[in-house]
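Here is the file data13.pdb (PDB, N, CA and C atoms).
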```pdb
ATOM      1  N   MET A  12       0.847  -1.188   0.000
ATOM      2  CA  MET A  12       0.000   0.000   0.000
ATOM      3  C   MET A  12       0.884   1.240   0.000
ATOM      4  N   ILE A  13       0.352   2.277  -0.620
ATOM      5  CA  ILE A  13       0.953   3.595  -0.531
ATOM      6  C   ILE A  13      -0.132   4.558  -0.086
ATOM      7  N   TYR A  14       0.275   5.683   0.443
ATOM      8  CA  TYR A  14      -0.670   6.649   0.996
ATOM      9  C   TYR A  14      -0.335   8.039   0.498
ATOM     10  N   VAL A  15      -1.365   8.825   0.282
ATOM     11  CA  VAL A  15      -1.187  10.232  -0.048
ATOM     12  C   VAL A  15      -1.815  11.036   1.081
ATOM     13  N   GLU A  16      -0.985  11.885   1.671
ATOM     14  CA  GLU A  16      -1.446  12.791   2.720
ATOM     15  C   GLU A  16      -1.694  14.145   2.074
ATOM     16  N   ALA A  17      -2.884  14.672   2.268
ATOM     17  CA  ALA A  17      -3.222  16.005   1.769
ATOM     18  C   ALA A  17      -3.507  16.904   2.973
ATOM     19  N   SER A  18      -2.721  17.960   3.105
ATOM     20  CA  SER A  18      -2.955  18.967   4.153
ATOM     21  C   SER A  18      -3.616  20.159   3.486
ATOM     22  N   ILE A  19      -4.806  20.467   3.928
ATOM     23  CA  ILE A  19      -5.636  21.466   3.266
ATOM     24  C   ILE A  19      -5.935  22.604   4.225
ATOM     25  N   ARG A  20      -5.591  23.799   3.830
ATOM     26  CA  ARG A  20      -5.920  25.004   4.596
ATOM     27  C   ARG A  20      -7.218  25.553   4.029
ATOM     28  N   VAL A  21      -8.273  25.487   4.816
ATOM     29  CA  VAL A  21      -9.600  25.911   4.385
ATOM     30  C   VAL A  21      -9.712  27.435   4.555
ATOM     31  N   VAL A  22     -10.409  28.067   3.624
ATOM     32  CA  VAL A  22     -10.659  29.504   3.731
ATOM     33  C   VAL A  22     -11.343  29.766   5.080
ATOM     34  N   PRO A  23     -10.824  30.723   5.865
ATOM     35  CA  PRO A  23     -11.429  31.011   7.167
ATOM     36  C   PRO A  23     -12.944  31.266   7.048
ATOM     37  N   GLY A  24     -13.686  30.633   7.958
ATOM     38  CA  GLY A  24     -15.139  30.775   7.971
ATOM     39  C   GLY A  24     -15.872  29.811   7.040
ATOM     40  N   LYS A  25     -15.137  28.979   6.323
ATOM     41  CA  LYS A  25     -15.750  28.080   5.340
ATOM     42  C   LYS A  25     -15.639  26.598   5.708
ATOM     43  N   MET A  26     -15.220  26.292   6.948
ATOM     44  CA  MET A  26     -15.002  24.897   7.325
ATOM     45  C   MET A  26     -16.272  24.053   7.206
ATOM     46  N   ASN A  27     -17.395  24.544   7.689
ATOM     47  CA  ASN A  27     -18.630  23.756   7.623
ATOM     48  C   ASN A  27     -19.030  23.469   6.178
ATOM     49  N   GLU A  28     -18.917  24.478   5.325
ATOM     50  CA  GLU A  28     -19.236  24.280   3.910
ATOM     51  C   GLU A  28     -18.254  23.306   3.262
ATOM     52  N   PHE A  29     -16.965  23.434   3.604
ATOM     53  CA  PHE A  29     -15.956  22.514   3.086
ATOM     54  C   PHE A  29     -16.316  21.074   3.456
ATOM     55  N   MET A  30     -16.627  20.838   4.719
ATOM     56  CA  MET A  30     -16.934  19.484   5.163
ATOM     57  C   MET A  30     -18.184  18.933   4.469
ATOM     58  N   GLU A  31     -19.174  19.773   4.256
ATOM     59  CA  GLU A  31     -20.392  19.340   3.578
ATOM     60  C   GLU A  31     -20.108  18.951   2.123
ATOM     61  N   VAL A  32     -19.351  19.783   1.417
ATOM     62  CA  VAL A  32     -18.996  19.479   0.025
ATOM     63  C   VAL A  32     -18.139  18.212  -0.034
ATOM     64  N   PHE A  33     -17.196  18.092   0.898
ATOM     65  CA  PHE A  33     -16.338  16.914   0.915
ATOM     66  C   PHE A  33     -17.171  15.651   1.104
ATOM     67  N   GLU A  34     -18.063  15.677   2.094
ATOM     68  CA  GLU A  34     -18.859  14.491   2.416
ATOM     69  C   GLU A  34     -19.856  14.135   1.313
ATOM     70  N   LYS A  35     -20.503  15.135   0.736
ATOM     71  CA  LYS A  35     -21.591  14.870  -0.208
ATOM     72  C   LYS A  35     -21.144  14.779  -1.664
ATOM     73  N   GLU A  36     -19.978  15.365  -1.990
ATOM     74  CA  GLU A  36     -19.562  15.395  -3.390
ATOM     75  C   GLU A  36     -18.222  14.679  -3.632
ATOM     76  N   ILE A  37     -17.188  15.064  -2.888
ATOM     77  CA  ILE A  37     -15.853  14.516  -3.139
ATOM     78  C   ILE A  37     -15.765  13.048  -2.738
ATOM     79  N   LEU A  38     -16.202  12.725  -1.534
ATOM     80  CA  LEU A  38     -16.064  11.353  -1.043
ATOM     81  C   LEU A  38     -16.817  10.335  -1.902
ATOM     82  N   PRO A  39     -18.088  10.567  -2.228
ATOM     83  CA  PRO A  39     -18.783   9.588  -3.078
ATOM     84  C   PRO A  39     -18.130   9.431  -4.458
ATOM     85  N   SER A  40     -17.714  10.553  -5.033
ATOM     86  CA  SER A  40     -17.071  10.502  -6.340
ATOM     87  C   SER A  40     -15.738   9.760  -6.266
ATOM     88  N   SER A  41     -14.964  10.023  -5.217
ATOM     89  CA  SER A  41     -13.687   9.327  -5.024
ATOM     90  C   SER A  41     -13.900   7.825  -4.866
ATOM     91  N   ASN A  42     -14.898   7.455  -4.073
ATOM     92  CA  ASN A  42     -15.194   6.035  -3.861
ATOM     93  C   ASN A  42     -15.560   5.340  -5.170
ATOM     94  N   LYS A  43     -16.360   6.000  -6.000
ATOM     95  CA  LYS A  43     -16.761   5.423  -7.288
ATOM     96  C   LYS A  43     -15.554   5.173  -8.186
ATOM     97  N   LEU A  44     -14.554   6.048  -8.056
ATOM     98  CA  LEU A  44     -13.367   5.951  -8.909
ATOM     99  C   LEU A  44     -12.275   5.080  -8.302
ATOM    100  N   GLY A  45     -12.535   4.501  -7.117
ATOM    101  CA  GLY A  45     -11.607   3.537  -6.533
ATOM    102  C   GLY A  45     -10.604   4.073  -5.529
ATOM    103  N   ARG A  46     -10.806   5.292  -5.050
ATOM    104  CA  ARG A  46      -9.894   5.850  -4.045
ATOM    105  C   ARG A  46     -10.523   5.690  -2.663
ATOM    106  N   LYS A  47      -9.713   5.310  -1.663
ATOM    107  CA  LYS A  47     -10.223   5.065  -0.320
ATOM    108  C   LYS A  47      -9.660   6.084   0.671
ATOM    109  N   LEU A  48     -10.563   6.743   1.393
ATOM    110  CA  LEU A  48     -10.159   7.642   2.471
ATOM    111  C   LEU A  48      -9.915   6.795   3.714
ATOM    112  N   VAL A  49      -8.671   6.799   4.191
ATOM    113  CA  VAL A  49      -8.298   6.021   5.363
ATOM    114  C   VAL A  49      -8.580   6.792   6.640
ATOM    115  N   ALA A  50      -8.303   8.092   6.602
ATOM    116  CA  ALA A  50      -8.490   8.922   7.794
ATOM    117  C   ALA A  50      -8.613  10.379   7.383
ATOM    118  N   GLN A  51      -9.253  11.130   8.249
ATOM    119  CA  GLN A  51      -9.338  12.579   8.066
ATOM    120  C   GLN A  51      -9.301  13.225   9.443
ATOM    121  N   TRP A  52      -8.472  14.241   9.577
ATOM    122  CA  TRP A  52      -8.329  14.944  10.847
ATOM    123  C   TRP A  52      -8.539  16.429  10.645
ATOM    124  N   ARG A  53      -8.992  17.079  11.705
ATOM    125  CA  ARG A  53      -9.124  18.534  11.727
ATOM    126  C   ARG A  53      -8.196  19.056  12.818
ATOM    127  N   THR A  54      -7.371  20.023  12.487
ATOM    128  CA  THR A  54      -6.445  20.601  13.456
ATOM    129  C   THR A  54      -7.215  21.464  14.446
ATOM    130  N   THR A  55      -6.988  21.223  15.734
ATOM    131  CA  THR A  55      -7.654  22.024  16.766
ATOM    132  C   THR A  55      -6.662  22.875  17.561
ATOM    133  N   ILE A  56      -5.391  22.494  17.543
ATOM    134  CA  ILE A  56      -4.333  23.293  18.157
ATOM    135  C   ILE A  56      -3.239  23.430  17.114
ATOM    136  N   GLY A  57      -2.762  24.625  16.892
ATOM    137  CA  GLY A  57      -1.751  24.864  15.868
ATOM    138  C   GLY A  57      -2.386  25.629  14.727
ATOM    139  N   THR A  58      -2.107  25.210  13.508
ATOM    140  CA  THR A  58      -2.658  25.878  12.327
ATOM    141  C   THR A  58      -4.167  25.639  12.283
ATOM    142  N   LEU A  59      -4.914  26.706  12.401
ATOM    143  CA  LEU A  59      -6.377  26.588  12.394
ATOM    144  C   LEU A  59      -6.898  26.456  10.960
ATOM    145  N   ASP A  60      -8.139  26.035  10.840
ATOM    146  CA  ASP A  60      -8.786  25.866   9.538
ATOM    147  C   ASP A  60      -8.020  24.886   8.649
ATOM    148  N   GLU A  61      -7.502  23.820   9.251
ATOM    149  CA  GLU A  61      -6.726  22.845   8.488
ATOM    150  C   GLU A  61      -7.331  21.449   8.612
ATOM    151  N   ILE A  62      -7.405  20.777   7.478
ATOM    152  CA  ILE A  62      -7.873  19.394   7.390
ATOM    153  C   ILE A  62      -6.725  18.568   6.816
ATOM    154  N   THR A  63      -6.518  17.379   7.350
ATOM    155  CA  THR A  63      -5.538  16.452   6.787
ATOM    156  C   THR A  63      -6.256  15.169   6.409
ATOM    157  N   ASP A  64      -6.143  14.817   5.131
ATOM    158  CA  ASP A  64      -6.721  13.579   4.610
ATOM    159  C   ASP A  64      -5.610  12.569   4.380
ATOM    160  N   LEU A  65      -5.931  11.304   4.568
ATOM    161  CA  LEU A  65      -5.008  10.226   4.233
ATOM    162  C   LEU A  65      -5.751   9.271   3.303
ATOM    163  N   TRP A  66      -5.268   9.191   2.056
ATOM    164  CA  TRP A  66      -5.872   8.352   1.031
ATOM    165  C   TRP A  66      -4.987   7.134   0.789
ATOM    166  N   ALA A  67      -5.594   5.966   0.584
ATOM    167  CA  ALA A  67      -4.839   4.730   0.363
ATOM    168  C   ALA A  67      -4.991   4.260  -1.079
ATOM    169  N   TYR A  68      -3.881   3.752  -1.599
ATOM    170  CA  TYR A  68      -3.838   3.144  -2.926
ATOM    171  C   TYR A  68      -3.083   1.831  -2.804
ATOM    172  N   ASP A  69      -3.408   0.869  -3.650
ATOM    173  CA  ASP A  69      -2.696  -0.408  -3.637
ATOM    174  C   ASP A  69      -1.226  -0.216  -3.998
ATOM    175  N   ASP A  70      -0.978   0.638  -4.993
ATOM    176  CA  ASP A  70       0.372   0.891  -5.492
ATOM    177  C   ASP A  70       0.320   2.114  -6.406
ATOM    178  N   LEU A  71       1.453   2.441  -7.028
ATOM    179  CA  LEU A  71       1.503   3.621  -7.913
ATOM    180  C   LEU A  71       0.598   3.462  -9.133
ATOM    181  N   THR A  72       0.464   2.237  -9.624
ATOM    182  CA  THR A  72      -0.419   1.990 -10.774
ATOM    183  C   THR A  72      -1.869   2.290 -10.403
ATOM    184  N   HIS A  73      -2.284   1.861  -9.227
ATOM    185  CA  HIS A  73      -3.633   2.145  -8.739
ATOM    186  C   HIS A  73      -3.855   3.657  -8.644
ATOM    187  N   MET A  74      -2.877   4.379  -8.102
ATOM    188  CA  MET A  74      -2.982   5.831  -7.982
ATOM    189  C   MET A  74      -3.085   6.473  -9.366
ATOM    190  N   GLN A  75      -2.299   5.993 -10.313
ATOM    191  CA  GLN A  75      -2.331   6.534 -11.665
ATOM    192  C   GLN A  75      -3.682   6.261 -12.338
ATOM    193  N   ARG A  76      -4.222   5.063 -12.147
ATOM    194  CA  ARG A  76      -5.544   4.741 -12.709
ATOM    195  C   ARG A  76      -6.611   5.671 -12.137
ATOM    196  N   PHE A  77      -6.527   5.939 -10.828
ATOM    197  CA  PHE A  77      -7.481   6.865 -10.224
ATOM    198  C   PHE A  77      -7.342   8.249 -10.849
ATOM    199  N   GLN A  78      -6.119   8.739 -10.994
ATOM    200  CA  GLN A  78      -5.893  10.072 -11.554
ATOM    201  C   GLN A  78      -6.408  10.174 -12.988
ATOM    202  N   GLU A  79      -6.234   9.123 -13.767
ATOM    203  CA  GLU A  79      -6.749   9.106 -15.138
ATOM    204  C   GLU A  79      -8.271   9.111 -15.155
ATOM    205  N   ALA A  80      -8.881   8.311 -14.292
ATOM    206  CA  ALA A  80     -10.347   8.259 -14.217
ATOM    207  C   ALA A  80     -10.908   9.588 -13.708
ATOM    208  N   ARG A  81     -10.225  10.183 -12.751
ATOM    209  CA  ARG A  81     -10.649  11.476 -12.198
ATOM    210  C   ARG A  81     -10.653  12.544 -13.287
ATOM    211  N   ALA A  82      -9.630  12.546 -14.134
ATOM    212  CA  ALA A  82      -9.526  13.544 -15.199
ATOM    213  C   ALA A  82     -10.667  13.426 -16.207
ATOM    214  N   LYS A  83     -11.241  12.231 -16.349
ATOM    215  CA  LYS A  83     -12.330  11.993 -17.300
ATOM    216  C   LYS A  83     -13.710  12.140 -16.679
ATOM    217  N   SER A  84     -13.775  12.282 -15.363
ATOM    218  CA  SER A  84     -15.060  12.289 -14.659
ATOM    219  C   SER A  84     -15.615  13.704 -14.512
ATOM    220  N   LEU A  85     -16.733  13.961 -15.174
ATOM    221  CA  LEU A  85     -17.398  15.256 -15.047
ATOM    222  C   LEU A  85     -17.874  15.477 -13.613
ATOM    223  N   GLU A  86     -18.374  14.414 -12.984
ATOM    224  CA  GLU A  86     -18.847  14.496 -11.598
ATOM    225  C   GLU A  86     -17.710  14.936 -10.666
ATOM    226  N   PHE A  87     -16.536  14.321 -10.811
ATOM    227  CA  PHE A  87     -15.411  14.673  -9.947
ATOM    228  C   PHE A  87     -14.911  16.081 -10.252
ATOM    229  N   THR A  88     -14.894  16.453 -11.532
ATOM    230  CA  THR A  88     -14.447  17.790 -11.915
ATOM    231  C   THR A  88     -15.328  18.860 -11.279
ATOM    232  N   LYS A  89     -16.638  18.667 -11.338
ATOM    233  CA  LYS A  89     -17.559  19.641 -10.734
ATOM    234  C   LYS A  89     -17.384  19.707  -9.224
ATOM    235  N   ALA A  90     -17.249  18.545  -8.588
ATOM    236  CA  ALA A  90     -17.051  18.507  -7.137
ATOM    237  C   ALA A  90     -15.748  19.196  -6.759
ATOM    238  N   SER A  91     -14.692  18.953  -7.529
ATOM    239  CA  SER A  91     -13.390  19.568  -7.248
ATOM    240  C   SER A  91     -13.442  21.083  -7.385
ATOM    241  N   GLU A  92     -14.131  21.560  -8.402
ATOM    242  CA  GLU A  92     -14.264  23.012  -8.585
ATOM    243  C   GLU A  92     -15.007  23.629  -7.405
ATOM    244  N   HIS A  93     -16.037  22.954  -6.946
ATOM    245  CA  HIS A  93     -16.811  23.432  -5.794
ATOM    246  C   HIS A  93     -15.922  23.490  -4.549
ATOM    247  N   LEU A  94     -15.156  22.423  -4.327
ATOM    248  CA  LEU A  94     -14.294  22.358  -3.151
ATOM    249  C   LEU A  94     -13.127  23.336  -3.248
ATOM    250  N   ARG A  95     -12.532  23.464  -4.441
ATOM    251  CA  ARG A  95     -11.360  24.322  -4.624
ATOM    252  C   ARG A  95     -11.647  25.764  -4.214
ATOM    253  N   ALA A  96     -12.875  26.222  -4.399
ATOM    254  CA  ALA A  96     -13.244  27.591  -4.010
ATOM    255  C   ALA A  96     -13.170  27.789  -2.493
ATOM    256  N   LEU A  97     -13.122  26.692  -1.740
ATOM    257  CA  LEU A  97     -13.100  26.753  -0.278
ATOM    258  C   LEU A  97     -11.702  26.496   0.289
ATOM    259  N   ILE A  98     -10.724  26.292  -0.580
ATOM    260  CA  ILE A  98      -9.361  25.954  -0.163
ATOM    261  C   ILE A  98      -8.441  27.151  -0.370
ATOM    262  N   ALA A  99      -7.730  27.535   0.702
ATOM    263  CA  ALA A  99      -6.761  28.616   0.603
ATOM    264  C   ALA A  99      -5.405  28.094   0.130
ATOM    265  N   PHE A 100      -5.040  26.884   0.569
ATOM    266  CA  PHE A 100      -3.721  26.315   0.272
ATOM    267  C   PHE A 100      -3.774  24.819   0.504
ATOM    268  N   GLU A 101      -3.026  24.059  -0.311
ATOM    269  CA  GLU A 101      -2.993  22.606  -0.144
ATOM    270  C   GLU A 101      -1.611  22.066  -0.479
ATOM    271  N   THR A 102      -1.153  21.101   0.308
ATOM    272  CA  THR A 102       0.067  20.375  -0.004
ATOM    273  C   THR A 102      -0.243  18.883   0.070
ATOM    274  N   THR A 103       0.456  18.109  -0.746
ATOM    275  CA  THR A 103       0.281  16.659  -0.713
ATOM    276  C   THR A 103       1.648  15.986  -0.634
ATOM    277  N   ARG A 104       1.642  14.807  -0.016
ATOM    278  CA  ARG A 104       2.863  14.002   0.100
ATOM    279  C   ARG A 104       2.513  12.554  -0.178
ATOM    280  N   LEU A 105       3.377  11.885  -0.940
ATOM    281  CA  LEU A 105       3.254  10.448  -1.165
ATOM    282  C   LEU A 105       4.065   9.755  -0.084
ATOM    283  N   MET A 106       3.435   8.826   0.637
ATOM    284  CA  MET A 106       4.107   8.161   1.761
ATOM    285  C   MET A 106       4.008   6.652   1.600
ATOM    286  N   VAL A 107       5.087   5.976   1.971
ATOM    287  CA  VAL A 107       5.158   4.514   1.918
ATOM    288  C   VAL A 107       5.467   4.049   3.335
ATOM    289  N   PRO A 108       4.730   3.053   3.854
ATOM    290  CA  PRO A 108       4.957   2.601   5.224
ATOM    291  C   PRO A 108       6.324   1.934   5.413
ATOM    292  N   THR A 109       6.888   2.120   6.571
ATOM    293  CA  THR A 109       8.122   1.423   6.936
ATOM    294  C   THR A 109       7.756   0.035   7.460
ATOM    295  N   PRO A 110       8.732  -0.821   7.641
ATOM    296  CA  PRO A 110       8.437  -2.145   8.213
ATOM    297  C   PRO A 110       7.817  -2.082   9.603
ATOM    298  N   LEU A 111       8.016  -0.987  10.328
ATOM    299  CA  LEU A 111       7.460  -0.849  11.684
ATOM    300  C   LEU A 111       6.022  -0.363  11.713
ATOM    301  N   SER A 112       5.508   0.070  10.584
ATOM    302  CA  SER A 112       4.154   0.625  10.533
ATOM    303  C   SER A 112       3.096  -0.471  10.614
ATOM    304  N   SER A 113       2.029  -0.188  11.355
ATOM    305  CA  SER A 113       0.911  -1.132  11.390
ATOM    306  C   SER A 113       0.070  -1.021  10.117
ATOM    307  N   MET A 114       0.275   0.038   9.370
ATOM    308  CA  MET A 114      -0.443   0.230   8.091
ATOM    309  C   MET A 114       0.445  -0.269   6.972
ATOM    310  N   LYS A 115       0.097  -1.384   6.423
ATOM    311  CA  LYS A 115       0.907  -1.973   5.339
ATOM    312  C   LYS A 115       0.247  -1.741   4.005
TER
END
```
Target encoding structure tokens, full file:
Amino acid sequence: MIYVEASIRVVPGKMNEFMEVFEKEILPSSNKLGRKLVAQWRTTIGTLDEITDLWAYDDLTHMQRFQEARAKSLEFTKASEHLRALIAFETTRLMVPTPLSSMK
């Protein structure tokens, strides 16, 4: 397994709307295209208005297939445009578990 961590800085005052769009539009569309949300956290101390998502893929080929399907999906494109208006800044990292990780 490989994981993509997305740290998202939500536009101040838009957290509730962000979460609603994520739950009702992004998550269902992602699931249809084969991407799995492993975890999602909201920062309560430190950088405010921040969400961290952890997405799981079987391997790089699986991630690439998702990205190709996402690019062709009108549903995902519309959901992404809706969500992007609520994002001030985003960074992503590709992570691979070490032998000590319980997440393989």
To test your reading of the syntax: which residues would the PyMOL selection byres ((chain A and resi 18-32) around 6.5) return for the file shown? Reply as a short mmCIF file (atom, residue, chain, number, x, y, z; two decimals) with N, CA and C atoms, in the frame of the given file.
```cif
data_model
loop_
_atom_site.label_atom_id
_atom_site.label_comp_id
_atom_site.auth_asym_id
_atom_site.auth_seq_id
_atom_site.Cartn_x
_atom_site.Cartn_y
_atom_site.Cartn_z
N GLU A 16 -0.98 11.88 1.67
CA GLU A 16 -1.45 12.79 2.72
C GLU A 16 -1.69 14.14 2.07
N ALA A 17 -2.88 14.67 2.27
CA ALA A 17 -3.22 16.00 1.77
C ALA A 17 -3.51 16.90 2.97
N PHE A 33 -17.20 18.09 0.90
CA PHE A 33 -16.34 16.91 0.92
C PHE A 33 -17.17 15.65 1.10
N GLU A 34 -18.06 15.68 2.09
CA GLU A 34 -18.86 14.49 2.42
C GLU A 34 -19.86 14.14 1.31
N LYS A 35 -20.50 15.14 0.74
CA LYS A 35 -21.59 14.87 -0.21
C LYS A 35 -21.14 14.78 -1.66
N GLU A 36 -19.98 15.36 -1.99
CA GLU A 36 -19.56 15.40 -3.39
C GLU A 36 -18.22 14.68 -3.63
N ILE A 37 -17.19 15.06 -2.89
CA ILE A 37 -15.85 14.52 -3.14
C ILE A 37 -15.76 13.05 -2.74
N LEU A 38 -16.20 12.72 -1.53
CA LEU A 38 -16.06 11.35 -1.04
C LEU A 38 -16.82 10.34 -1.90
N LEU A 59 -4.91 26.71 12.40
CA LEU A 59 -6.38 26.59 12.39
C LEU A 59 -6.90 26.46 10.96
N ASP A 60 -8.14 26.04 10.84
CA ASP A 60 -8.79 25.87 9.54
C ASP A 60 -8.02 24.89 8.65
N GLU A 61 -7.50 23.82 9.25
CA GLU A 61 -6.73 22.84 8.49
C GLU A 61 -7.33 21.45 8.61
N ILE A 62 -7.40 20.78 7.48
CA ILE A 62 -7.87 19.39 7.39
C ILE A 62 -6.72 18.57 6.82
N THR A 63 -6.52 17.38 7.35
CA THR A 63 -5.54 16.45 6.79
C THR A 63 -6.26 15.17 6.41
N ASP A 64 -6.14 14.82 5.13
CA ASP A 64 -6.72 13.58 4.61
C ASP A 64 -5.61 12.57 4.38
N LEU A 94 -15.16 22.42 -4.33
CA LEU A 94 -14.29 22.36 -3.15
C LEU A 94 -13.13 23.34 -3.25
N LEU A 97 -13.12 26.69 -1.74
CA LEU A 97 -13.10 26.75 -0.28
C LEU A 97 -11.70 26.50 0.29
N ILE A 98 -10.72 26.29 -0.58
CA ILE A 98 -9.36 25.95 -0.16
C ILE A 98 -8.44 27.15 -0.37
N ALA A 99 -7.73 27.54 0.70
CA ALA A 99 -6.76 28.62 0.60
C ALA A 99 -5.40 28.09 0.13
N PHE A 100 -5.04 26.88 0.57
CA PHE A 100 -3.72 26.32 0.27
C PHE A 100 -3.77 24.82 0.50
N GLU A 101 -3.03 24.06 -0.31
CA GLU A 101 -2.99 22.61 -0.14
C GLU A 101 -1.61 22.07 -0.48
N THR A 102 -1.15 21.10 0.31
CA THR A 102 0.07 20.38 0.00
C THR A 102 -0.24 18.88 0.07
N THR A 103 0.46 18.11 -0.75
CA THR A 103 0.28 16.66 -0.71
C THR A 103 1.65 15.99 -0.63
N ARG A 104 1.64 14.81 -0.02
CA ARG A 104 2.86 14.00 0.10
C ARG A 104 2.51 12.55 -0.18
#
```
Within 5 Å of A:Val49, counting all atoms listed in the file, which residues show up once you throw out same-chain ones fewer than 4 positions away? Write them as an mmCIF file with N, CA and C atoms, in the coordinates of the input, please.
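Below you can see around-v7.cif, which holds the result:
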```
data_model
loop_
_atom_site.group_PDB
_atom_site.id
_atom_site.type_symbol
_atom_site.label_atom_id
_atom_site.label_comp_id
_atom_site.auth_asym_id
_atom_site.auth_seq_id
_atom_site.Cartn_x
_atom_site.Cartn_y
_atom_site.Cartn_z
ATOM 1 N N LEU A 65 -5.931 11.304 4.568
ATOM 2 C CA LEU A 65 -5.008 10.226 4.233
ATOM 3 C C LEU A 65 -5.751 9.271 3.303
ATOM 4 N N TRP A 66 -5.268 9.191 2.056
ATOM 5 C CA TRP A 66 -5.872 8.352 1.031
ATOM 6 C C TRP A 66 -4.987 7.134 0.789
ATOM 7 N N ALA A 67 -5.594 5.966 0.584
ATOM 8 C CA ALA A 67 -4.839 4.730 0.363
ATOM 9 C C ALA A 67 -4.991 4.260 -1.079
#
```
(request) Can you check which residues of stretch 20-91 of chain A DSSP gives as helix (DSSP H, G or I) on the backbone and send them as a PyMOL selection string? (result) chain A and resi 26-43+71-83+85-91
(request) Using all atoms listed in the file, pick whichever of A:Ala50, A:Arg95, A:Glu79, A:Asp69 has the shortest atom-to-atom distance to A:Ile13. (result) A:Asp69
(message) I need the residues in chain A that are strand (DSSP E or B) according to DSSP; give them as a PyMOL selection string.
(response) chain A and resi 13-21+47-53+61-68+98-106
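Shortest separation to A:Lys47 among A:Met74, A:Ala80, A:Val107, A:Ala90 occurs at residue A:Met74, atoms counted being only C-alpha atoms.
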Give the centre and edge lengths of an axis-aligned box, in Å to one decimal, that holds all listed atoms of stretch 28-44 of chain A with 3 Å on each side, as AutoDock Vina command-line options.
```
--center_x -16.9 --center_y 14.8 --center_z -1.8 --size_x 15.3 --size_y 25.4 --size_z 20.2
```
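The interatomic distance for the pair atom C of A:Thr109 and atom N of A:Met12 works out to 10.2 Å.
Atom CA of A:Ser41 sits 9.8 Å away from atom CA of A:Glu86.
Atom N of A:Tyr68 lies 7.0 Å from atom C of A:Arg46.
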(message) I need the residue nearest A:Ser40 from this list: A:Tyr14, A:Ser112, A:Gln75, A:Phe87. Use all atoms listed in the file for the distance.
(response) A:Phe87
